[in-house]
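A.B. asks: Input: one structure, supplied below.
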Amino acid sequence: MALVCGAGGFIGHHLVKRLKREGWEVCGVDLKYPEFEATAADEFVIGDLREAGLCRMLVKPGSRVFQLAADMGGAGYVFTGENDAVIMHNSATINLNMLEACRVKGVEQVFFSSSACVYPAYNQEDAAHPVCEEGSAYPADPDSEYGWEKLFSERMYFAYARNFGIKVKVARFHNIFGPLGTWQGGREKAPAAICRKVAAAEAGGELEIWGDGEQTRSFLYIDECLEGVFRLMASEFSGPVNIGSEEMVTINELAAMVMEIAGKELSIVHCDGPLGVRGRNSDNRLLAEKLGWKPAAPLCEGLRSTYAWIREQVRARES
Ligand code: NAD
């Protein structure tokens, strides 16, 4: 049996679907149901993982746990500073509770979704050459409290592994995107925000981009993210390991790709906004070495299906 924490969220919902396709009995838990379609889980518990009692109740002996629940969002949520205390408190409490429940109940293994946000800001100032090799996370200097919480929790998972013999798996996700993800409201990430803005714009209109658009990122399509998670779970490697794409683009290039997919020429207007680090890219050398696999699909492929889905959402909102 598999327990998916955060099963109402973007990655958790897709993970539940994949687990079901592979024949697992799945229990999902979240504060909310998935927003855009019904869950595929056999059982779905609406509950708050900040409550230790709930965590203990949900974790079954010998089960496989996927801990993806976190207080999280894109740059507009994580980098303004206004949400720092709640992000740290909520996510750390969830991880403390879940790990302790895993220890008490005895699980087969537990997966924790960490983030590229653990990497030091000082290694990501050069947009063209960011350093995100796993070992470079130390000396630590993440650019957000969200990243610090992930780093603390990573350490806690490995401490539980060392001291209590729990089998843990830790992946550092790099900007996962795809259909059925948050696309409006302030917690959406760059690909979804740009798809929404392009879909909503009149032909010949404007497209607002935060900063000068020369900041770099890579974006991984949800299906490949899950492939990485499944391969990590099947391996003997614990991590931490990057699960991301190595196809680094500037945000201006990302916008150009979306405009091309949409068949719309918009003029880009740069404006002030929360930005995060100057450059970030996944380094997949360890992933390839340990799992004999790395993501290969081109960014434009995933963007095409994501744009099509977001365009439908925008149309439904406008009608
Ligand atoms: P998401 O926000 O869509 O999903 C997280 C889910 O956790 C939400 O549905 C939320 O309601 C739930 N949750 C939050 N607090 C809870 C609580 N107290 N009790 C129960 N549920 C709670 O985010 P996502 O994009 O699906 O990300 C999943 C995981 O992957 C997160 O841990 C995130 O930090 C990590 N991650 C994601 C990305 C990305 O690009 N999406 C990148 C790096 C790391």
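Chain labels run A, B, ... following the order of the structure tokens; each chain numbers its residues from 1, and ligands are numbered from 1 in the order shown.
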Using only C-alpha atoms and all ligand atoms, I'd like a table of the residues in chain A that come within 8 Å of ligand 1; for each, show the closest atom pair and its distance in Å rounded to one decimal, ordered by chain and ascending number, as a tab-separated table.

C.D. replies:
```
residue	atom	partner	partner_atom_place_in_ligand_line	distance
A:Cys5	CA	ligand 1	21 (N)	6.4
A:Gly6	CA	ligand 1	7 (O)	3.8
A:Ala7	CA	ligand 1	9 (O)	6.2
A:Gly8	CA	ligand 1	9 (O)	4.2
A:Gly9	CA	ligand 1	9 (O)	3.2
A:Phe10	CA	ligand 1	26 (O)	3.7
A:Ile11	CA	ligand 1	26 (O)	3.7
A:Gly12	CA	ligand 1	26 (O)	5.4
A:His13	CA	ligand 1	26 (O)	7.5
A:Val29	CA	ligand 1	20 (C)	6.3
A:Asp30	CA	ligand 1	21 (N)	3.7
A:Leu31	CA	ligand 1	20 (C)	4.5
A:Lys32	CA	ligand 1	11 (O)	5.5
A:Tyr33	CA	ligand 1	9 (O)	7.5
A:Pro34	CA	ligand 1	9 (O)	7.1
A:Ile46	CA	ligand 1	20 (C)	7.6
A:Gly47	CA	ligand 1	20 (C)	5.8
A:Asp48	CA	ligand 1	19 (N)	3.6
A:Leu49	CA	ligand 1	19 (N)	3.8
A:Arg50	CA	ligand 1	18 (N)	4.9
A:Glu51	CA	ligand 1	18 (N)	7.8
A:Gln67	CA	ligand 1	32 (O)	7.1
A:Leu68	CA	ligand 1	32 (O)	4.1
A:Ala69	CA	ligand 1	7 (O)	3.4
A:Ala70	CA	ligand 1	14 (C)	4.4
A:Asp71	CA	ligand 1	14 (C)	4.7
A:Met72	CA	ligand 1	2 (O)	5.1
A:Gly73	CA	ligand 1	2 (O)	6.1
A:Asn90	CA	ligand 1	18 (N)	6.2
A:Ser91	CA	ligand 1	15 (N)	6.8
A:Ile94	CA	ligand 1	18 (N)	6.3
A:Phe112	CA	ligand 1	32 (O)	7.5
A:Ser113	CA	ligand 1	30 (O)	4.9
A:Ser114	CA	ligand 1	44 (C)	5.3
A:Ser115	CA	ligand 1	43 (C)	3.9
A:Ala116	CA	ligand 1	43 (C)	6.0
A:Cys117	CA	ligand 1	43 (C)	7.1
A:Lys150	CA	ligand 1	34 (O)	7.7
A:Arg172	CA	ligand 1	43 (C)	6.3
A:Phe173	CA	ligand 1	43 (C)	4.1
A:His174	CA	ligand 1	42 (C)	5.0
A:Asn175	CA	ligand 1	40 (O)	3.3
A:Ile176	CA	ligand 1	40 (O)	3.6
A:Phe177	CA	ligand 1	40 (O)	6.2
A:Gly181	CA	ligand 1	3 (O)	6.7
A:Thr182	CA	ligand 1	3 (O)	6.7
A:Arg187	CA	ligand 1	2 (O)	7.9
A:Lys189	CA	ligand 1	40 (O)	7.4
A:Phe219	CA	ligand 1	40 (O)	7.9
A:Leu220	CA	ligand 1	40 (O)	8.0
```

A.B. asks: Using DSSP on the backbone, list every residue of range 162-240 of chain A that comes out as helix (DSSP H, G or I), and give them as an MDAnalysis selection string.

C.D. replies: chainID A and resid 162:164 190:200 222:234

A.B. asks: Per residue of range 3-118 of chain A within 9 Å of range 223-233 of chain A, what are the shortest atom pair and its distance in Å to one decimal, counting only C-alpha atoms, with rows by chain and residue number, as a tab-separated table?

C.D. replies:
```
residue	atom	partner	partner_atom	distance
A:Ile11	CA	A:Leu226	CA	8.2
A:His14	CA	A:Leu226	CA	8.1
A:Leu15	CA	A:Leu226	CA	6.6
A:Arg18	CA	A:Leu226	CA	7.9
A:Gln109	CA	A:Met233	CA	8.2
A:Val110	CA	A:Met233	CA	8.8
A:Phe111	CA	A:Met233	CA	7.6
```

A.B. asks: Would you list the contacts of Ala40 in chain A as a compact mmCIF listing (two decimals) with all heavy atoms, in the first residue's frame, taking every protein, DNA or RNA residue within 9 Å and counting only C-alpha atoms, but skipping same-chain residues closer than 6 positions in sequence?

C.D. replies:
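Okay, result19.txt is ready:
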```txt
# COMPACT_ATOMS: atom_id res chain seq x y z
N HIS A 13 -1.15 14.52 -7.07
CA HIS A 13 -2.30 14.01 -7.83
C HIS A 13 -1.83 13.14 -9.00
O HIS A 13 -2.34 12.04 -9.24
CB HIS A 13 -3.14 15.19 -8.32
CG HIS A 13 -4.26 14.77 -9.23
ND1 HIS A 13 -5.29 13.95 -8.83
CD2 HIS A 13 -4.50 15.05 -10.55
CE1 HIS A 13 -6.12 13.74 -9.85
NE2 HIS A 13 -5.65 14.40 -10.90
N VAL A 16 -0.50 9.83 -7.68
CA VAL A 16 -1.55 8.88 -7.35
C VAL A 16 -2.02 8.16 -8.62
O VAL A 16 -2.19 6.93 -8.63
CB VAL A 16 -2.76 9.60 -6.68
CG1 VAL A 16 -3.98 8.68 -6.60
CG2 VAL A 16 -2.38 10.10 -5.29
N LYS A 17 -2.18 8.92 -9.70
CA LYS A 17 -2.64 8.30 -10.95
C LYS A 17 -1.65 7.25 -11.44
O LYS A 17 -2.02 6.17 -11.87
CB LYS A 17 -2.84 9.38 -12.03
CG LYS A 17 -4.04 10.28 -11.77
CD LYS A 17 -4.63 10.85 -13.04
CE LYS A 17 -3.79 11.91 -13.67
NZ LYS A 17 -4.49 12.60 -14.78
N LYS A 20 -1.69 4.13 -9.27
CA LYS A 20 -2.88 3.31 -9.57
C LYS A 20 -2.67 2.52 -10.86
O LYS A 20 -3.01 1.35 -10.94
CB LYS A 20 -4.14 4.18 -9.68
CG LYS A 20 -4.72 4.66 -8.37
CD LYS A 20 -4.96 3.52 -7.37
CE LYS A 20 -5.93 2.46 -7.84
NZ LYS A 20 -5.93 1.29 -6.91
N VAL A 26 -3.84 2.80 -3.07
CA VAL A 26 -3.34 4.13 -2.71
C VAL A 26 -4.29 4.86 -1.76
O VAL A 26 -5.50 4.93 -1.99
CB VAL A 26 -3.15 5.01 -3.98
CG1 VAL A 26 -2.58 6.38 -3.59
CG2 VAL A 26 -2.25 4.33 -4.99
```

A.B. asks: Just the residues within 9 Å of Ala127 in chain A, please, counting only C-alpha atoms, with nothing from its chain fewer than 2 positions along; format it as a ChimeraX atom specification.

C.D. replies: /A:124-125,129-130,214-217,250,277-280

A.B. asks: For the residues in that selection, give me C-alpha atoms as a CSV table (one decimal), in the first residue's frame.

C.D. replies:
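See part-v4.csv below for the written result:
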```csv
chain,number,residue,atom,x,y,z
A,124,GLN,CA,23.6,30.9,-8.9
A,125,GLU,CA,24.5,34.5,-9.6
A,129,HIS,CA,26.7,28.9,-15.4
A,130,PRO,CA,24.7,28.1,-12.3
A,214,GLU,CA,17.4,37.0,-18.7
A,215,GLN,CA,17.3,34.9,-15.5
A,216,THR,CA,17.7,31.2,-16.4
A,217,ARG,CA,15.8,28.1,-15.3
A,250,THR,CA,16.0,32.3,-20.1
A,277,VAL,CA,18.3,33.4,-8.1
A,278,ARG,CA,19.8,34.7,-11.3
A,279,GLY,CA,20.4,31.3,-12.9
A,280,ARG,CA,19.4,27.6,-12.1
```
